[in-house]
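Student: The structure follows.
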Amino acid sequence: MIIDPDRIAEENELRRSWHEPDLAHAVDLAGRAGIDGEAVIAEVARLSVAAPSWAVGTGGTRFGRFPGGGEPRSTEEKVDDVAALNALTGANRSVSLHVPWDDPGDGAAALRAHAQERGIAFDAMNSNTFQDNPSTTGDGAVSYKFGSLANVDEGARRAAVDHNRYVVDLGVTLGSRAITVWLADGMNHPGQASFRGQFERVLDGLRQIYAHLPDDWELYTEHKPYEPAFYSSVNNDWGTSLLLAQGTGERAKCLVDLGHHLPNTNIEQVVSRLAMVGRLGGFHFNDSKYGDDDLTVGSIKPFELFLIFGELLAAGGGRMPEAAYMIDESHNLKDPLEDLIQATDTIQHALALALCVNRPDLADAQQANDPARAAEVLHRAYRSDVRPLVAEARRRNGAALDPLATFRAVGYRAATVAERGTGAVATGL
Ligand SMILES: [Mn+2]
């Protein structure tokens with residue numbers, strides 16, 4: 001099902017009589033705080049966050065999975081769901097594929113044409129060397145059981161490098177411009193391997209992958225402190241990620257996944273550091289309570305998200321810096337598209353709040369060593385109601401003032417259940 005823009009306009013019309021006065025009031029309030037409401041709307045409207053192909057299906061845990069029906073059966077149908085999402089939000093203009101889960105093989109050009117027809121581009125490619133797969137490791141000749149790029153077995157390392165190169169080649173056909181390398185490599189037992197040896201082998205592998213990149217491509221290293229390796233991960237924190245990126249090449253950068261930090265890590269400071277040295281390449285949005293929970297972004301720590309957007313804007317001189325932004329969540333209970341709608345709305349909302357911070361006032365307070373006034377400046381923005389500005393940004397992109405209500409009103413899920421059935425299963429998680 002393709003969501004008809006006229007249906008979205010109809011739904012918006014139902015809400016126009018209260019949206020317009022709310023918007024006028026929000027712009028007026030922003031103006032009194034020295035903020036140009038029109039500029040906030042324009043910057044929110046400019047932002048696009050990729051949807052990952054695996055997030056349009058129901059997630060799960062090692063204890064089970066409870067799919068809701070109507071899930072995509074193919075990569076083409078995943079693209080269709082992202083197109084529906086983008087029709088409602090106007091802010092998800094690309095999809096991020098995960099290979100081998102979404103390997104189109106010889107059909108990459110056809111997949112690109114299908115996506116183009118629906119107005120969807122291909123964001124960073126994701127390679128998967130955390131599980132054995134016949135297309136990657138062959139028929140059991142080599143295995144990633146003891147790591148991929150970090151493995152002491154040369155055959156496993158070669159398979160992992162070859163797989164990443166293959167993913168780059170696919171991405172070139174699809175029109176992508178980057179590859180994200182997240183590795184499960186690490187140790188489950190002290191003494192199992194050499195910290196230094198593992199790091200050096202991973203760096204060597206990354207250099208081989210990098211050498212295969214077209215000139216206009218970037219490579220992102222994504223760190224994570226633990227899981228599935230429960231004693232140590234090779235790329236465990238932002239410092240290691242930075243060492244790997246710097247050792248790999250100029251177009252190798254770091255990707256920050258909000259759930260990939262030990263508890264209480266100051267993520268906004270990590271963002272500032274990586275941006276400062278020009279190595280902030282990508283961003284995965286989610287939220288966490290305990291670990292890599294992949295919960296809805298902003299659902300647990302909304303103030304942290306606001307501060308992170310503040311650092312992103314500082315890095316971009318008041319605008320969002322160029323980076324590969326993606327939602328990386330696992331929707332175990334909610335309808336996957338409903339969660340992606342809420343995540344995108346939350347991201348737009350956090351950006352709007354951060355844009356409402358009066359930066360010159362904040363700089364003055366910092367220069368005056370006045371933490372109370374600095375807090376006032378932040379809170380004046382954080383406690384304001386920017387929802388009408390966000391809704392207006394969506395409307396100007398031809399999307400929905402209220403995307404979740406509109407998703408339900410147009411009956412998208414009922415249509416996909418009718419078309420795809422109740423037992424449809426997406427590849428991936
Ligand atoms: Mn991630």
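Order determines the names: the first chain of the structure tokens is A, the second B, and so forth; residues in each chain are numbered 1 upward, and ligands are numbered 1 upward as they are shown.
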Which chains and residue numbers are within 6 Å of ligand 1, counting only C-alpha atoms and all ligand atoms, if I want them as a ChimeraX atom specification?
Tutor: /A:257,284,328
Student: Could you give me, as a PyMOL selection string, the residues within 7 Å of Ala50 (chain A), counting only C-alpha atoms and dropping anything in the same chain fewer than 2 positions from it?
Tutor: chain A and resi 48+52+92-96+123+325-327
Student: Save out the residues we just selected, N, CA and C atoms, as a JSON list (two decimals), in the first residue's frame.
Tutor:
```json
[["chain", "number", "residue", "atom", "x", "y", "z"],
["A", 48, "SER", "N", 16.80, 14.56, 7.99],
["A", 48, "SER", "CA", 16.31, 13.23, 7.62],
["A", 48, "SER", "C", 17.08, 12.18, 8.40],
["A", 52, "PRO", "N", 16.32, 1.75, 9.53],
["A", 52, "PRO", "CA", 17.02, 0.53, 9.16],
["A", 52, "PRO", "C", 16.03, -0.53, 8.68],
["A", 92, "ASN", "N", 12.17, 10.59, 6.95],
["A", 92, "ASN", "CA", 12.87, 9.30, 6.84],
["A", 92, "ASN", "C", 13.06, 9.00, 5.35],
["A", 93, "ARG", "N", 13.97, 9.74, 4.74],
["A", 93, "ARG", "CA", 14.09, 9.69, 3.28],
["A", 93, "ARG", "C", 15.04, 8.62, 2.79],
["A", 94, "SER", "N", 15.55, 7.81, 3.70],
["A", 94, "SER", "CA", 16.46, 6.75, 3.27],
["A", 94, "SER", "C", 16.32, 5.52, 4.16],
["A", 95, "VAL", "N", 16.81, 4.41, 3.63],
["A", 95, "VAL", "CA", 16.78, 3.14, 4.35],
["A", 95, "VAL", "C", 18.21, 2.64, 4.47],
["A", 96, "SER", "N", 18.50, 1.96, 5.56],
["A", 96, "SER", "CA", 19.84, 1.44, 5.80],
["A", 96, "SER", "C", 19.75, -0.08, 5.77],
["A", 123, "ASP", "N", 20.93, 4.74, 2.69],
["A", 123, "ASP", "CA", 21.89, 5.31, 3.63],
["A", 123, "ASP", "C", 23.04, 4.31, 3.82],
["A", 325, "TYR", "N", 22.58, 9.71, 10.03],
["A", 325, "TYR", "CA", 21.68, 9.57, 11.17],
["A", 325, "TYR", "C", 20.72, 8.41, 10.92],
["A", 326, "MET", "N", 20.58, 7.56, 11.91],
["A", 326, "MET", "CA", 19.72, 6.38, 11.73],
["A", 326, "MET", "C", 19.03, 6.02, 13.06],
["A", 327, "ILE", "N", 17.84, 5.49, 12.96],
["A", 327, "ILE", "CA", 17.14, 4.98, 14.14],
["A", 327, "ILE", "C", 17.54, 3.51, 14.29]]
```
Student: What does the distance from CA of Ser74 (chain A) to CA of Tyr220 (chain A) come to in Å, to one decimal?
Tutor: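 Calculated distance between CA of Ser74 (chain A) and CA of Tyr220 (chain A) is 26.4 Å.
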Student: Name all residues at most 10 Å from Lys301 (chain A) (count only C-alpha atoms; drop same-chain ones fewer than 4 positions away) and give them as a list in words.
Tutor: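 So, after excluding close chain neighbours, the residues are Asp287, Ser288, Lys289, Val297, Leu305 and Phe306 of chain A.
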Student: For Arg73 (chain A), which residue among A:Asp106, A:Asp153, A:Glu419, A:Asp28 is the nearest when counting only C-alpha atoms?
Tutor: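 For Arg73 (chain A), the nearest of the given residues is A:Glu419.
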Student: Ranking A:Asp81, A:Asp292, A:Glu13, A:Asp402 by minimum distance to Ile120 (chain A) and counting only C-alpha atoms, which one comes first?
Tutor: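 Looking only at the distances to Ile120 (chain A), the closest residue turns out to be A:Asp81.
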Student: Pull the strand (DSSP E or B) assignments for region 159-242 of chain A out of DSSP run on the backbone, and list those residues as number ranges by chain.
Tutor: A: 178-182, 186-187, 218-222, 232-233
Student: Include C-alpha atoms and write out the residues we just selected as a CSV table (one decimal), in the first residue's frame.
Tutor:
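Printed below is result-v2.csv as written:
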```
chain,number,residue,atom,x,y,z
A,178,ALA,CA,29.1,4.7,3.5
A,179,ILE,CA,29.6,1.4,5.3
A,180,THR,CA,29.2,0.9,9.0
A,181,VAL,CA,31.4,-1.8,10.6
A,182,TRP,CA,30.1,-3.1,13.9
A,186,GLY,CA,36.0,-9.7,21.6
A,187,MET,CA,36.5,-12.2,24.4
A,218,GLU,CA,33.2,6.9,4.3
A,219,LEU,CA,33.7,4.0,6.7
A,220,TYR,CA,32.2,4.1,10.2
A,221,THR,CA,33.5,2.2,13.2
A,222,GLU,CA,30.7,1.5,15.7
A,232,SER,CA,35.8,-7.6,26.4
A,233,SER,CA,34.9,-6.1,23.0
```
Student: Do you know which residues are at most 10 Å from Tyr290 (chain A) counting only C-alpha atoms, after dropping those on the same chain fewer than 6 positions away, and could you put them as a list in words?
Tutor: Gly259, Leu262, Pro263 and Asn264 of chain A
Student: As an exercise, work out the distance from CA of Arg46 (chain A) to CA of Ala314 (chain A) in Å and give it to one decimal place.
Tutor: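 Result for CA of Arg46 (chain A) versus CA of Ala314 (chain A): 16.8 Å, one decimal.
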Student: Smallest atom-to-atom distance to Asn151 (chain A): which of A:Gly205, A:Gly175, A:Pro336, A:Gly119, using only C-alpha atoms?
Tutor: A:Gly205
Student: Any idea what's packed within 12 Å of Phe407 (chain A), counting only C-alpha atoms, ignoring anything in its chain fewer than 6 positions away? Could you give it as a PyMOL selection string?
Tutor: chain A and resi 2-4+7-8+11+81+84-89+335-342+399-401+413-415
Student: Keeping C-alpha atoms, export the residues of the selection given above as a PDB file, in the first residue's frame.
Tutor:
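Saved the output as part.pdb:
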```pdb
ATOM      1  CA  ILE A   2       1.218   3.473  -0.881  1.00  0.00           C
ATOM      2  CA  ILE A   3      -0.146   6.220   1.354  1.00  0.00           C
ATOM      3  CA  ASP A   4      -1.983   8.765  -0.776  1.00  0.00           C
ATOM      4  CA  ARG A   7      -5.348  11.390   2.504  1.00  0.00           C
ATOM      5  CA  ILE A   8      -2.606  13.024   4.557  1.00  0.00           C
ATOM      6  CA  GLU A  11      -6.166  14.480   7.906  1.00  0.00           C
ATOM      7  CA  ASP A  81       7.177   0.420   4.708  1.00  0.00           C
ATOM      8  CA  ALA A  84       4.943   4.862   4.155  1.00  0.00           C
ATOM      9  CA  LEU A  85       6.849   6.067   7.215  1.00  0.00           C
ATOM     10  CA  ASN A  86       8.400   8.890   5.210  1.00  0.00           C
ATOM     11  CA  ALA A  87       5.026   9.893   3.775  1.00  0.00           C
ATOM     12  CA  LEU A  88       3.821  10.463   7.350  1.00  0.00           C
ATOM     13  CA  THR A  89       6.933  12.080   8.846  1.00  0.00           C
ATOM     14  CA  ASP A 335       3.801  -1.936  15.931  1.00  0.00           C
ATOM     15  CA  PRO A 336       7.230  -1.371  14.309  1.00  0.00           C
ATOM     16  CA  LEU A 337       6.003   1.505  12.149  1.00  0.00           C
ATOM     17  CA  GLU A 338       4.249   3.161  15.078  1.00  0.00           C
ATOM     18  CA  ASP A 339       7.475   3.047  17.063  1.00  0.00           C
ATOM     19  CA  LEU A 340       9.466   4.455  14.132  1.00  0.00           C
ATOM     20  CA  ILE A 341       6.905   7.272  13.836  1.00  0.00           C
ATOM     21  CA  GLN A 342       7.264   8.062  17.534  1.00  0.00           C
ATOM     22  CA  ALA A 399       3.732  15.004   5.737  1.00  0.00           C
ATOM     23  CA  ALA A 400       1.295  14.660   8.627  1.00  0.00           C
ATOM     24  CA  LEU A 401       0.657  17.147  11.430  1.00  0.00           C
ATOM     25  CA  ARG A 413      -1.395  -1.862   8.957  1.00  0.00           C
ATOM     26  CA  ALA A 414      -4.754  -3.428   8.159  1.00  0.00           C
ATOM     27  CA  ALA A 415      -3.860  -3.148   4.477  1.00  0.00           C
TER      28      ALA A 415
END
```
Student: Can you list, as a PyMOL selection string, all residues belonging to region 144-200 of chain A that DSSP tags as helix (DSSP H, G or I)?
Tutor: chain A and resi 154-174+195-200
Student: Quick one, how far is CA of Ala229 (chain A) from CA of Ser194 (chain A)?
Tutor: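 Going from CA of Ala229 (chain A) over to CA of Ser194 (chain A) covers 14.4 Å.
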Student: Write out as a ChimeraX atom specification the residues lying within 12 Å of Gly421 (chain A), counting only C-alpha atoms and excluding same-chain residues fewer than 2 positions away.
Tutor: /A:67-73,413-419,423-425
Student: Output C-alpha atoms of each residue in that selection to a file, as a short mmCIF file (atom, residue, chain, number, x, y, z; two decimals), in the first residue's frame.
Tutor:
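Output saved as again19.cif:
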```cif
data_model
loop_
_atom_site.label_atom_id
_atom_site.label_comp_id
_atom_site.auth_asym_id
_atom_site.auth_seq_id
_atom_site.Cartn_x
_atom_site.Cartn_y
_atom_site.Cartn_z
CA PRO A 67 5.16 -10.53 15.55
CA GLY A 68 2.05 -8.51 14.93
CA GLY A 69 1.18 -9.46 11.36
CA GLY A 70 1.52 -7.66 8.06
CA GLU A 71 5.31 -7.54 8.28
CA PRO A 72 7.36 -7.18 5.10
CA ARG A 73 8.33 -10.41 3.37
CA ARG A 413 -1.39 -1.86 8.96
CA ALA A 414 -4.75 -3.43 8.16
CA ALA A 415 -3.86 -3.15 4.48
CA THR A 416 -0.47 -4.84 4.93
CA VAL A 417 -2.02 -7.64 7.00
CA ALA A 418 -4.53 -8.22 4.20
CA GLU A 419 -1.79 -8.15 1.58
CA GLY A 423 2.37 -14.83 9.63
CA ALA A 424 4.69 -12.77 7.45
CA VAL A 425 8.24 -12.71 8.74
#
```
Student: Using only C-alpha atoms, which protein or nucleic acid residues come within 9 Å of Val202 (chain A)? Drop anything in the same chain fewer than 2 positions from it, and give the result as a PyMOL selection string.
Tutor: chain A and resi 148-151+157+185+197-200+204-207+234-235+244
Student: Under the rule that only C-alpha atoms are counted, which of A:Ser299, A:Pro403, A:Asn369, A:Arg359 is the nearest residue to Gly317 (chain A)?
Tutor: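 Comparing A:Ser299, A:Pro403, A:Asn369, A:Arg359 against Gly317 (chain A), the winner is A:Arg359.
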Student: Which residue, A:Leu174, A:Val377, A:Gly310, A:Asp237, has the smallest gap to Asp364 (chain A) when you use only C-alpha atoms?
Tutor: A:Val377
